[in-house]
Protein chains: 2
Amino acid sequence: MYAPTTVTASTPSPDSAFDLEALLAPAVGILGPPTSLSPLPYDLNAGVPDRPSLPWRELAEAARVALEANAGEALTYGGVAGYEPLRAWIAQRQSAETGLTVTPAQITLTSGSAQAIDTIAATFLGPGDQVVTGAPTYPGAIRAFKARAASILDVPQDDDGLRTDALEALLRAERAAGRRVKLVYVVATYDNPSGATLTLERRRHLAALSREYGTLIVEDDAYAGIDLDGPPPTSLYEITGGHGILRVGTFSKTIASGLRVGWVVSEPRIVQRLNYMRFDNGASPFIHHTVLAYLEAGTYDAHVARLCALYRERRDASAAALLEHCEPYMTFKRPAGGFFHWLHLRPGLEAQTVFEAAQRHGVAVTPGPSYYPNGGGNDRIRLVYSALPPDDLRAGIQRLGAALEEVAGTVRAR
Amino acid sequence: MYAPTTVTASTPSPDSAFDLEALLAPAVGILGPPTSLSPLPYDLNAGVPDRPSLPWRELAEAARVALEANAGEALTYGGVAGYEPLRAWIAQRQSAETGLTVTPAQITLTSGSAQAIDTIAATFLGPGDQVVTGAPTYPGAIRAFKARAASILDVPQDDDGLRTDALEALLRAERAAGRRVKLVYVVATYDNPSGATLTLERRRHLAALSREYGTLIVEDDAYAGIDLDGPPPTSLYEITGGHGILRVGTFSKTIASGLRVGWVVSEPRIVQRLNYMRFDNGASPFIHHTVLAYLEAGTYDAHVARLCALYRERRDASAAALLEHCEPYMTFKRPAGGFFHWLHLRPGLEAQTVFEAAQRHGVAVTPGPSYYPNGGGNDRIRLVYSALPPDDLRAGIQRLGAALEEVAGTVRAR
C-alpha cells in the first residue's frame, strides 16, 4: 500500500544554496511553458480526444493478448526504432495510402509525435540553424526548435494554410544572403491551431520549393484520419515521392494520447540518423505489442469512423454556437477536420484580454500569441471542440460570448 | 490483419538526392552507435534482466485493473511530470530509505533512466559546458552528453569506484583556470560497466566536493535494489541531504526494461526545470497507472528478493567459471550487486582482439573502449551475468576462455 504524500504550501522547500541559474543550459531561459490542463468548468483549451470514446476494454484485452503471446519481448528493451511488426503495420498503411513503397526500415517509433519532432530537431538543428514554421504553428514544435537554439523563420498562414508564395520569397532571400533553411515544418492537414488544410496546389508548390532549395519538409500529420468532410488532399509525402521529407504520425488522436505512440516515416538514411540521435533506449515495447494486438483485432477502422462522426457533430454544434453567441465579435472558417476552431477577433479585441475575461466566465481558451514563434496573434483565439459533448460546447461558447460582450463593452467605453 | 513487409537487400532505396550531410546537426557526426542485441549463441553483451522472471501475468492484471479504475485518465495526456500517485509512491520509498522528506513535486517520471539522463543534459549542458564522468562510465551518458556538445572530463575509477582524489584535483584545476564543472555523473552503486560500488568515505568526499565547487551530482541509481551482498553504502542523495543532487532511478531492472519507467528525484526548482526541458508531452500514463496498480498489488518486494537470489546465483556461477576458464588471461573483482563483471585483461591482450575472437567462438562481450569518453579501456571487457542461466553462463565463459587462449597464443607467437 502506498500513502500519497500531498504537497502543500507549508512543505519546507529543500531548495539548496546551489547557484542554479549559473548551471542551466542557455536554452532553458528562452522557452515558453509546456501546455497543461485547465481546472475551469469548460476546458476548450486542451486539444485532447473524447474520453468516453477511448477503447479501453479493447486495449486491456490487447495488453493481455500481447503479454501472453510474447512477454519476454514485450517487456525487454526493444531497440531504438521500436517493434518491427508494428512498424510493418504502419508501413503497409502508408504504402496503401500513398502508392509508394514504404518499408519498416523507413519508420522509427517515438513517444508520441512530440518526441518525433524533438528527435528531428536533435538530428538537424544546432545553434543558429534555420527552420521555417507557419505563423501560427504548433507550440510544441516552437519549444523543441528553440531548445536547440535554432532560428525560427515564420511564414504567414491564411485560410488555405501556409502561404507558399511567402515561403518562396523567404527561401530566395535566404539563399541570396548565403544562408540555408534546413527544415520547413508544417501541419498540412487540419493544422493546430488554425484548422486550415493546405490546398493541393500549395502542397505541390511546397514540394517543388523543397527540391529547389534542398530544404527538408517535416509533414506533421498528427490529425490524420480525423476527416470530417471527406479525405484531405494528397499528402506531401506522396507528392514528394517520399524524397526529402519526414512525415510524422501518431495514434494519439485515433486510439489514445496516453499511449504515447508516434512515428516518423522518411528515407532509410534519415531514419538511421534519427535513431542515432535519440537517447531513450527506444519507446516501450509493451505499448508497441499492445497497440499491434489492438490493431490486429480489427476494430480500429470502425473506431476511427465512429470518432469522426462524433467530432463532426461537435464541430458543427460548436460552429453553430459560435455563430449564435460570438459572431459579432469574431469570424472563423469551419475546419474540414481535426480538433480546433481558430477565431479571428474583431479589431479592437485583444486575445489576452478575451482569455482573461473567458476565465472569469469559467471557460478556458488559448490566446493566439502562444502559436507565433516571433510574436503576433493577439487577434486570435484557439477553441477546442473535440473534448466536450455538444451541450457542454454550447454552454461554454455561450459563456465565451458573454466574455466577448463584456470585453467589447469595455473597449467601447474607453 | 497486417502483412509485415520484409526489408531485403534488393529493396530499392528511396534515398533522395538531398544533401543530407549538409543538413545534419553537428553532434550527429561525433556519436558512437547506440547499443543493440547480439545474434550470437551466448549474448554476454546486452545488460538486460532475466526474461523468464518477468512478472508478466501480474502486469497484464495490473493493466486491466488500471484501465477499469480510470481509463479516461490512463489513456489521456498525463502532464510532463507523470502520474502523481506513482510519483507519490516513489517519493514515499525515497523518504523511507533516506530519512529525508521527499515530495511528489521533487520527482519527474521519464521514459527509463536513459531519458532522465538526456533531459538532465538538455537542462544543464550547452556547447562546451563541462561534465565529469568516470573512466569507465555508462555509454548512454557519454552519448547524451556529447549530443549536447558538452565537454566530458573523465576521472579514473578503481575497485572502489570513482577516484575522488583525482576528482578533487580536477575540480581545483578547472576552478584555477576559471572554468566551471556543471555536473558530476556517477553510478555510485554497482556501476555499469565496472560493477564497482563507491565507498562511504568516497561518497562523503564527493558530496563535500559538490558543495565546495557548486557542481551538481547526478547519482544514477539504475541498479538500486539488485543487492547481492546486502545493502549498499548510504546513497549520495542522503549524504547531501538532497541538496545539489539529481538522483536517477528506474523500474527497468526490478520490474521490466520494456516498461520504460524511470525518474529523477531532486530539488523542486530543479525538477521544474527538467519538466520545462522535455518535449515529449510526458511519458505514458497508461504505463504509469499499470505500474502503480502492480506495486499496489503488493508483490513487488518479494519479486525483487527473488531476482536478487537469481542474480546472486548467476554472479557466483559466472565468477567461478571465470576463475576456472579465463583466469590466466584476466583478473576481476566480484561485484556486490548489479549485472556485470568487469574483466581486466592480462598485459598484451587487447579488448578489440578478444572481442573478435569471442565472436568467432559464438560469444558476445563488450570491449572496454565503449565505456571511455576520451579513449582508453583496451585492456577491459564487460561481461553480463544477468541475462542467462548458470549453465549457459558456464558454457559461454568456457568459450570465452578458449578465445582468450587463442588470442594469447597469437600474442606469444608474434
# chains A, B, ... in the order shown; residues from 1 in each chain; ligands from 1
call {"tool": "calpha_fit_and_write", "arguments": {"fixed": "chain A", "moving": "chain B", "output": "CSV table (one decimal) with C-alpha atoms, in the first residue's frame"}}
result
chain,number,residue,atom,x,y,z
B,1,MET,CA,0.1,-0.1,-0.1
B,2,TYR,CA,1.2,3.4,-0.7
B,3,ALA,CA,0.1,6.5,1.1
B,4,PRO,CA,0.3,9.5,-1.3
B,5,THR,CA,2.2,12.4,0.1
B,6,THR,CA,0.5,15.7,-0.4
B,7,VAL,CA,2.4,18.8,-1.4
B,8,THR,CA,1.2,21.8,0.5
B,9,ALA,CA,2.4,25.4,0.6
B,10,SER,CA,3.8,24.6,4.0
B,11,THR,CA,6.1,21.8,2.9
B,12,PRO,CA,9.6,23.1,3.6
B,13,SER,CA,11.3,23.5,0.3
B,14,PRO,CA,14.6,21.6,0.1
B,15,ASP,CA,16.0,24.0,-2.5
B,16,SER,CA,19.7,24.4,-1.7
B,17,ALA,CA,22.1,27.3,-1.9
B,18,PHE,CA,23.5,26.0,-5.3
B,19,ASP,CA,23.6,28.7,-7.9
B,20,LEU,CA,21.1,27.0,-10.2
B,21,GLU,CA,20.8,29.9,-12.7
B,22,ALA,CA,24.6,29.7,-13.4
B,23,LEU,CA,24.3,26.0,-14.1
B,24,LEU,CA,21.4,25.9,-16.5
B,25,ALA,CA,21.8,25.5,-20.3
B,26,PRO,CA,21.2,28.7,-22.2
B,27,ALA,CA,18.0,27.4,-23.8
B,28,VAL,CA,16.2,27.0,-20.5
B,29,GLY,CA,15.7,30.7,-20.2
B,30,ILE,CA,14.1,31.3,-23.6
B,31,LEU,CA,11.2,28.7,-23.7
B,32,GLY,CA,7.6,29.2,-23.0
B,33,PRO,CA,5.9,26.9,-20.6
B,34,PRO,CA,4.6,23.5,-21.7
B,35,THR,CA,0.8,23.2,-22.1
B,36,SER,CA,-1.4,22.0,-19.3
B,37,LEU,CA,-5.0,21.1,-18.4
B,38,SER,CA,-7.3,23.7,-17.1
B,39,PRO,CA,-9.3,23.3,-13.9
B,40,LEU,CA,-12.1,25.6,-15.2
B,41,PRO,CA,-15.6,24.2,-15.7
B,42,TYR,CA,-15.4,24.5,-19.6
B,43,ASP,CA,-11.9,23.4,-20.9
B,44,LEU,CA,-11.8,24.5,-24.5
B,45,ASN,CA,-8.1,24.8,-24.2
B,46,ALA,CA,-6.6,21.3,-24.1
B,47,GLY,CA,-6.5,19.6,-27.5
B,48,VAL,CA,-7.4,16.2,-26.3
B,49,PRO,CA,-9.7,13.4,-27.7
B,50,ASP,CA,-13.1,12.5,-26.2
B,51,ARG,CA,-12.6,10.4,-23.1
B,52,PRO,CA,-15.7,8.2,-23.1
B,53,SER,CA,-14.8,7.0,-26.6
B,54,LEU,CA,-11.4,5.7,-25.5
B,55,PRO,CA,-11.3,2.0,-26.5
B,56,TRP,CA,-10.1,0.9,-23.1
B,57,ARG,CA,-11.7,-2.5,-22.9
B,58,GLU,CA,-10.1,-3.4,-26.3
B,59,LEU,CA,-6.7,-2.1,-25.1
B,60,ALA,CA,-6.9,-4.1,-21.8
B,61,GLU,CA,-7.6,-7.2,-23.8
B,62,ALA,CA,-4.8,-6.3,-26.3
B,63,ALA,CA,-2.3,-5.9,-23.4
B,64,ARG,CA,-3.3,-9.4,-22.1
B,65,VAL,CA,-3.0,-11.0,-25.6
B,66,ALA,CA,0.3,-9.3,-26.2
B,67,LEU,CA,1.8,-10.4,-22.9
B,68,GLU,CA,0.5,-13.9,-23.3
B,69,ALA,CA,2.0,-14.1,-26.8
B,70,ASN,CA,5.5,-12.9,-26.1
B,71,ALA,CA,6.0,-11.4,-22.6
B,72,GLY,CA,9.8,-11.7,-22.9
B,73,GLU,CA,10.0,-9.5,-25.9
B,74,ALA,CA,7.2,-7.1,-24.9
B,75,LEU,CA,8.9,-6.4,-21.5
B,76,THR,CA,12.5,-6.1,-22.6
B,77,TYR,CA,14.3,-3.3,-24.4
B,78,GLY,CA,13.0,-3.3,-28.0
B,79,GLY,CA,15.7,-1.2,-29.7
B,80,VAL,CA,15.6,2.4,-30.7
B,81,ALA,CA,13.4,2.0,-33.8
B,82,GLY,CA,10.7,0.1,-32.0
B,83,TYR,CA,8.8,-3.1,-32.5
B,84,GLU,CA,9.3,-4.2,-36.1
B,85,PRO,CA,5.8,-5.8,-36.7
B,86,LEU,CA,4.2,-2.5,-35.6
B,87,ARG,CA,6.5,-0.6,-38.0
B,88,ALA,CA,5.5,-3.0,-40.7
B,89,TRP,CA,1.8,-2.4,-40.0
B,90,ILE,CA,2.3,1.3,-40.3
B,91,ALA,CA,4.5,0.9,-43.4
B,92,GLN,CA,1.8,-1.1,-45.1
B,93,ARG,CA,-0.8,1.6,-44.3
B,94,GLN,CA,1.5,4.3,-45.6
B,95,SER,CA,2.2,2.3,-48.7
B,96,ALA,CA,-1.5,1.7,-49.4
B,97,GLU,CA,-2.3,5.4,-48.9
B,98,THR,CA,0.5,6.8,-51.0
B,99,GLY,CA,1.1,4.1,-53.6
B,100,LEU,CA,4.8,4.4,-52.7
B,101,THR,CA,6.9,1.5,-51.3
B,102,VAL,CA,7.3,2.1,-47.6
B,103,THR,CA,9.4,-0.4,-45.6
B,104,PRO,CA,9.7,-0.8,-41.8
B,105,ALA,CA,13.3,0.5,-42.2
B,106,GLN,CA,11.8,3.8,-43.1
B,107,ILE,CA,9.9,4.1,-39.8
B,108,THR,CA,11.0,4.8,-36.3
B,109,LEU,CA,8.5,4.7,-33.4
B,110,THR,CA,8.6,7.6,-31.0
B,111,SER,CA,6.9,8.5,-27.7
B,112,GLY,CA,4.1,10.4,-29.4
B,113,SER,CA,4.6,12.9,-32.3
B,114,ALA,CA,6.1,15.3,-29.7
B,115,GLN,CA,9.2,13.1,-29.3
B,116,ALA,CA,9.3,12.7,-33.1
B,117,ILE,CA,9.6,16.5,-33.5
B,118,ASP,CA,12.2,16.7,-30.7
B,119,THR,CA,14.3,13.9,-32.3
B,120,ILE,CA,14.1,15.7,-35.7
B,121,ALA,CA,15.2,18.9,-34.0
B,122,ALA,CA,18.1,17.0,-32.4
B,123,THR,CA,19.2,15.5,-35.7
B,124,PHE,CA,19.1,18.6,-37.9
B,125,LEU,CA,19.2,21.8,-35.7
B,126,GLY,CA,22.2,23.2,-34.0
B,127,PRO,CA,22.6,26.8,-32.7
B,128,GLY,CA,21.6,29.3,-35.3
B,129,ASP,CA,20.4,26.7,-37.8
B,130,GLN,CA,17.3,27.9,-39.7
B,131,VAL,CA,13.8,26.3,-39.7
B,132,VAL,CA,10.6,27.6,-41.1
B,133,THR,CA,7.2,27.2,-39.5
B,134,GLY,CA,3.9,28.8,-40.2
B,135,ALA,CA,2.6,31.8,-38.2
B,136,PRO,CA,0.7,30.4,-36.4
B,137,THR,CA,2.1,26.9,-35.7
B,138,TYR,CA,2.2,24.2,-33.1
B,139,PRO,CA,3.8,25.5,-29.8
B,140,GLY,CA,5.4,22.1,-29.1
B,141,ALA,CA,7.4,22.5,-32.3
B,142,ILE,CA,8.3,26.1,-31.4
B,143,ARG,CA,9.7,24.9,-28.0
B,144,ALA,CA,11.5,21.9,-29.5
B,145,PHE,CA,13.2,24.1,-32.1
B,146,LYS,CA,14.1,26.9,-29.7
B,147,ALA,CA,15.5,24.4,-27.3
B,148,ARG,CA,18.1,23.6,-29.9
B,149,ALA,CA,18.9,27.3,-30.2
B,150,ALA,CA,17.6,27.2,-33.8
B,151,SER,CA,16.4,30.3,-35.5
B,152,ILE,CA,12.7,30.1,-36.5
B,153,LEU,CA,11.6,31.9,-39.6
B,154,ASP,CA,7.9,32.2,-39.8
B,155,VAL,CA,5.7,32.4,-42.9
B,156,PRO,CA,2.1,33.7,-42.7
B,157,GLN,CA,-0.9,31.4,-42.9
B,158,ASP,CA,-4.3,32.2,-44.4
B,159,ASP,CA,-7.5,30.1,-44.6
B,160,ASP,CA,-5.7,27.7,-47.1
B,161,GLY,CA,-2.7,27.1,-44.8
B,162,LEU,CA,0.9,28.2,-45.2
B,163,ARG,CA,1.4,30.9,-47.8
B,164,THR,CA,3.8,29.2,-50.1
B,165,ASP,CA,4.3,32.4,-52.1
B,166,ALA,CA,5.7,34.0,-49.0
B,167,LEU,CA,7.8,30.8,-48.3
B,168,GLU,CA,9.3,31.1,-51.8
B,169,ALA,CA,10.2,34.7,-51.2
B,170,LEU,CA,11.8,33.8,-47.9
B,171,LEU,CA,13.8,30.9,-49.3
B,172,ARG,CA,15.0,33.0,-52.2
B,173,ALA,CA,16.1,35.8,-49.9
B,174,GLU,CA,17.9,33.4,-47.5
B,175,ARG,CA,19.7,31.8,-50.4
B,176,ALA,CA,20.7,35.2,-51.8
B,177,ALA,CA,22.1,36.0,-48.3
B,178,GLY,CA,24.1,32.8,-48.4
B,179,ARG,CA,22.0,31.1,-45.7
B,180,ARG,CA,20.5,27.7,-45.7
B,181,VAL,CA,17.0,26.8,-44.5
B,182,LYS,CA,17.3,23.2,-43.2
B,183,LEU,CA,13.6,22.4,-42.5
B,184,VAL,CA,10.1,23.5,-43.2
B,185,TYR,CA,7.7,22.3,-40.5
B,186,VAL,CA,4.1,22.2,-41.5
B,187,VAL,CA,0.8,20.6,-40.2
B,188,ALA,CA,-0.6,20.5,-43.7
B,189,THR,CA,-3.9,18.8,-42.8
B,190,TYR,CA,-6.1,20.2,-40.1
B,191,ASP,CA,-3.5,22.4,-38.7
B,192,ASN,CA,-3.0,23.0,-35.0
B,193,PRO,CA,-4.1,25.7,-34.2
B,194,SER,CA,-5.6,27.2,-37.4
B,195,GLY,CA,-7.6,24.2,-38.5
B,196,ALA,CA,-6.5,25.1,-42.0
B,197,THR,CA,-5.7,22.4,-44.7
B,198,LEU,CA,-3.1,23.3,-47.2
B,199,THR,CA,-4.5,23.1,-50.7
B,200,LEU,CA,-3.3,20.7,-53.3
B,201,GLU,CA,-1.8,23.5,-55.4
B,202,ARG,CA,0.2,24.8,-52.4
B,203,ARG,CA,1.3,21.3,-51.5
B,204,ARG,CA,2.7,21.0,-55.0
B,205,HIS,CA,4.4,24.3,-54.7
B,206,LEU,CA,5.9,23.4,-51.3
B,207,ALA,CA,7.2,20.2,-52.7
B,208,ALA,CA,8.8,22.0,-55.6
B,209,LEU,CA,10.4,24.6,-53.3
B,210,SER,CA,11.8,21.8,-51.1
B,211,ARG,CA,13.5,20.2,-54.1
B,212,GLU,CA,14.7,23.5,-55.5
B,213,TYR,CA,16.2,24.8,-52.2
B,214,GLY,CA,17.3,21.4,-50.7
B,215,THR,CA,15.1,22.1,-47.7
B,216,LEU,CA,13.6,19.1,-45.9
B,217,ILE,CA,9.9,19.1,-45.3
B,218,VAL,CA,8.6,18.0,-41.9
B,219,GLU,CA,5.0,17.0,-42.5
B,220,ASP,CA,3.3,16.7,-39.1
B,221,ASP,CA,0.2,14.6,-39.8
B,222,ALA,CA,-1.0,14.4,-36.2
B,223,TYR,CA,-4.6,14.8,-37.1
B,224,ALA,CA,-4.6,12.3,-40.0
B,225,GLY,CA,-7.8,10.3,-40.0
B,226,ILE,CA,-9.9,12.9,-38.3
B,227,ASP,CA,-11.6,13.7,-41.6
B,228,LEU,CA,-14.9,15.4,-41.1
B,229,ASP,CA,-15.6,16.4,-44.7
B,230,GLY,CA,-14.1,13.5,-46.6
B,231,PRO,CA,-10.5,12.8,-47.4
B,232,PRO,CA,-7.8,15.6,-47.4
B,233,PRO,CA,-5.7,16.5,-50.4
B,234,THR,CA,-2.8,14.2,-51.4
B,235,SER,CA,-0.1,14.2,-48.7
B,236,LEU,CA,3.1,16.0,-49.1
B,237,TYR,CA,4.8,12.6,-48.6
B,238,GLU,CA,3.1,11.3,-51.7
B,239,ILE,CA,3.7,14.4,-53.7
B,240,THR,CA,7.4,14.4,-53.0
B,241,GLY,CA,7.7,10.7,-53.7
B,242,GLY,CA,9.0,10.3,-50.2
B,243,HIS,CA,12.1,12.3,-51.0
B,244,GLY,CA,13.5,15.0,-48.7
B,245,ILE,CA,10.6,14.6,-46.3
B,246,LEU,CA,9.9,13.4,-42.8
B,247,ARG,CA,6.3,12.5,-42.2
B,248,VAL,CA,5.3,12.5,-38.5
B,249,GLY,CA,2.3,10.4,-37.4
B,250,THR,CA,0.7,9.3,-34.1
B,251,PHE,CA,-2.0,7.1,-32.7
B,252,SER,CA,-2.8,9.9,-30.1
B,253,LYS,CA,-5.9,11.2,-31.9
B,254,THR,CA,-7.3,7.9,-33.3
B,255,ILE,CA,-6.6,5.5,-30.3
B,256,ALA,CA,-5.4,7.3,-27.2
B,257,SER,CA,-2.9,10.1,-26.4
B,258,GLY,CA,-2.0,8.3,-23.2
B,259,LEU,CA,-0.3,5.6,-25.2
B,260,ARG,CA,2.4,7.9,-26.5
B,261,VAL,CA,2.9,6.1,-29.8
B,262,GLY,CA,4.0,8.2,-32.7
B,263,TRP,CA,6.4,7.7,-35.6
B,264,VAL,CA,8.4,9.2,-38.4
B,265,VAL,CA,8.4,7.9,-42.0
B,266,SER,CA,11.3,9.0,-44.1
B,267,GLU,CA,14.2,7.9,-46.3
B,268,PRO,CA,16.1,5.0,-44.6
B,269,ARG,CA,19.3,7.0,-44.3
B,270,ILE,CA,17.3,9.7,-42.5
B,271,VAL,CA,15.6,7.3,-40.2
B,272,GLN,CA,19.0,5.8,-39.3
B,273,ARG,CA,20.2,9.3,-38.2
B,274,LEU,CA,17.1,9.8,-36.2
B,275,ASN,CA,17.7,6.5,-34.4
B,276,TYR,CA,21.2,7.8,-33.6
B,277,MET,CA,20.0,11.0,-32.1
B,278,ARG,CA,17.6,9.7,-29.5
B,279,PHE,CA,18.8,8.7,-26.1
B,280,ASP,CA,15.8,6.9,-24.5
B,281,ASN,CA,16.7,3.4,-25.5
B,282,GLY,CA,13.6,3.3,-27.5
B,283,ALA,CA,9.9,3.7,-26.6
B,284,SER,CA,8.0,1.0,-24.7
B,285,PRO,CA,7.8,-2.4,-26.5
B,286,PHE,CA,5.0,-3.3,-24.0
B,287,ILE,CA,2.9,-0.5,-25.5
B,288,HIS,CA,4.0,-1.4,-29.1
B,289,HIS,CA,3.0,-5.0,-28.7
B,290,THR,CA,-0.3,-3.9,-27.1
B,291,VAL,CA,-1.1,-1.4,-29.9
B,292,LEU,CA,-0.3,-4.0,-32.6
B,293,ALA,CA,-2.6,-6.6,-30.8
B,294,TYR,CA,-5.3,-3.9,-30.8
B,295,LEU,CA,-4.9,-3.2,-34.5
B,296,GLU,CA,-4.8,-6.9,-35.4
B,297,ALA,CA,-8.1,-7.4,-33.5
B,298,GLY,CA,-9.6,-5.4,-36.4
B,299,THR,CA,-11.8,-2.8,-34.7
B,300,TYR,CA,-9.5,0.2,-35.5
B,301,ASP,CA,-11.1,1.5,-38.7
B,302,ALA,CA,-14.6,1.3,-37.3
B,303,HIS,CA,-13.5,3.0,-34.2
B,304,VAL,CA,-11.9,5.9,-36.2
B,305,ALA,CA,-15.2,6.2,-38.3
B,306,ARG,CA,-17.2,6.5,-35.0
B,307,LEU,CA,-14.8,9.1,-33.8
B,308,CYS,CA,-15.2,11.1,-37.0
B,309,ALA,CA,-19.0,11.1,-36.6
B,310,LEU,CA,-18.6,12.2,-33.0
B,311,TYR,CA,-16.2,15.0,-33.8
B,312,ARG,CA,-18.3,16.1,-36.8
B,313,GLU,CA,-21.2,16.6,-34.5
B,314,ARG,CA,-19.1,18.6,-32.1
B,315,ARG,CA,-17.6,20.7,-34.8
B,316,ASP,CA,-21.0,21.5,-36.2
B,317,ALA,CA,-22.6,22.2,-32.8
B,318,SER,CA,-19.7,24.4,-31.8
B,319,ALA,CA,-19.7,26.3,-35.1
B,320,ALA,CA,-23.4,26.9,-34.8
B,321,ALA,CA,-23.0,28.1,-31.2
B,322,LEU,CA,-20.1,30.4,-32.3
B,323,LEU,CA,-22.4,32.0,-34.9
B,324,GLU,CA,-25.2,32.3,-32.4
B,325,HIS,CA,-23.3,33.6,-29.4
B,326,CYS,CA,-20.0,35.1,-30.6
B,327,GLU,CA,-20.5,36.3,-34.1
B,328,PRO,CA,-20.4,40.0,-33.7
B,329,TYR,CA,-17.0,39.7,-32.1
B,330,MET,CA,-15.2,37.2,-34.2
B,331,THR,CA,-15.1,35.3,-37.5
B,332,PHE,CA,-13.8,31.8,-38.3
B,333,LYS,CA,-13.6,29.3,-41.1
B,334,ARG,CA,-15.1,25.9,-40.3
B,335,PRO,CA,-12.3,23.3,-40.4
B,336,ALA,CA,-12.5,20.2,-42.6
B,337,GLY,CA,-11.1,18.0,-39.8
B,338,GLY,CA,-9.1,17.9,-36.6
B,339,PHE,CA,-9.9,19.4,-33.2
B,340,PHE,CA,-9.9,23.2,-33.5
B,341,HIS,CA,-11.7,26.4,-34.3
B,342,TRP,CA,-9.4,29.3,-34.9
B,343,LEU,CA,-11.2,32.5,-34.1
B,344,HIS,CA,-10.3,35.9,-35.7
B,345,LEU,CA,-11.2,38.6,-33.2
B,346,ARG,CA,-12.9,41.8,-34.3
B,347,PRO,CA,-10.5,44.8,-34.5
B,348,GLY,CA,-10.0,46.3,-31.1
B,349,LEU,CA,-10.4,43.0,-29.2
B,350,GLU,CA,-7.2,41.5,-27.8
B,351,ALA,CA,-6.7,37.8,-27.2
B,352,GLN,CA,-5.1,38.2,-23.8
B,353,THR,CA,-8.0,40.3,-22.6
B,354,VAL,CA,-10.6,37.9,-24.0
B,355,PHE,CA,-8.7,34.9,-22.5
B,356,GLU,CA,-8.8,36.6,-19.0
B,357,ALA,CA,-12.5,37.5,-19.4
B,358,ALA,CA,-13.3,34.0,-20.5
B,359,GLN,CA,-11.5,32.6,-17.5
B,360,ARG,CA,-13.7,34.7,-15.2
B,361,HIS,CA,-16.7,33.2,-17.0
B,362,GLY,CA,-15.4,29.7,-16.3
B,363,VAL,CA,-14.1,29.0,-19.9
B,364,ALA,CA,-10.6,28.1,-20.8
B,365,VAL,CA,-9.5,29.0,-24.3
B,366,THR,CA,-6.0,29.6,-25.7
B,367,PRO,CA,-4.8,33.0,-26.7
B,368,GLY,CA,-3.3,33.3,-30.1
B,369,PRO,CA,0.3,34.5,-29.2
B,370,SER,CA,1.2,31.0,-27.9
B,371,TYR,CA,1.2,29.9,-31.6
B,372,TYR,CA,3.6,32.5,-33.0
B,373,PRO,CA,7.3,31.9,-32.8
B,374,ASN,CA,8.2,35.5,-33.3
B,375,GLY,CA,5.3,37.4,-32.0
B,376,GLY,CA,1.8,38.1,-33.3
B,377,GLY,CA,-1.6,36.5,-32.9
B,378,ASN,CA,-3.1,38.9,-30.4
B,379,ASP,CA,-6.2,38.9,-32.6
B,380,ARG,CA,-6.6,35.2,-32.4
B,381,ILE,CA,-8.1,32.6,-30.0
B,382,ARG,CA,-8.0,28.8,-30.4
B,383,LEU,CA,-11.0,26.8,-29.3
B,384,VAL,CA,-11.0,23.0,-28.9
B,385,TYR,CA,-14.3,21.2,-29.9
B,386,SER,CA,-13.0,17.6,-29.6
B,387,ALA,CA,-13.1,17.1,-25.8
B,388,LEU,CA,-16.6,18.1,-24.8
B,389,PRO,CA,-20.1,16.9,-25.8
B,390,PRO,CA,-22.3,19.3,-27.8
B,391,ASP,CA,-24.3,20.5,-24.8
B,392,ASP,CA,-21.1,21.5,-22.9
B,393,LEU,CA,-19.7,23.1,-26.0
B,394,ARG,CA,-22.8,25.2,-26.4
B,395,ALA,CA,-22.8,26.2,-22.7
B,396,GLY,CA,-19.1,27.0,-22.8
B,397,ILE,CA,-19.4,29.0,-26.0
B,398,GLN,CA,-22.4,30.9,-24.6
B,399,ARG,CA,-20.2,32.0,-21.7
B,400,LEU,CA,-17.4,32.9,-24.1
B,401,GLY,CA,-19.9,35.1,-25.9
B,402,ALA,CA,-20.7,36.8,-22.6
B,403,ALA,CA,-17.0,37.3,-22.0
B,404,LEU,CA,-16.6,38.8,-25.5
B,405,GLU,CA,-19.5,41.1,-25.0
B,406,GLU,CA,-18.0,42.2,-21.7
B,407,VAL,CA,-14.7,43.0,-23.3
B,408,ALA,CA,-16.2,44.7,-26.3
B,409,GLY,CA,-18.3,46.8,-23.9
B,410,THR,CA,-15.1,47.9,-22.1
B,411,VAL,CA,-13.4,48.6,-25.4
B,412,ARG,CA,-16.3,50.8,-26.5
B,413,ALA,CA,-16.4,52.6,-23.1
B,414,ARG,CA,-12.7,53.6,-23.3
call {"tool": "select_by_dssp", "arguments": {"residues": "stretch 89-314 of chain B", "states": "helix (DSSP H, G or I)", "output": "VMD selection string"}}
result
chain B and resid 89 to 98 104 to 106 112 to 124 139 to 147 164 to 176 200 to 213 236 to 239 257 to 259 268 to 276 285 to 296 300 to 314
call {"tool": "select_by_dssp", "arguments": {"residues": "stretch 8-171 of chain A", "states": "strand (DSSP E or B)", "output": "list in words"}}
result
Tyr42, Asp43, Ile107, Thr108, Leu109, Thr110, Gln130, Val131, Val132, Thr133, Gly134, Ala135, Ser151, Ile152, Leu153, Asp154, Val155, Pro156, Gln157, Asp158, Gly161 and Leu162 of chain A
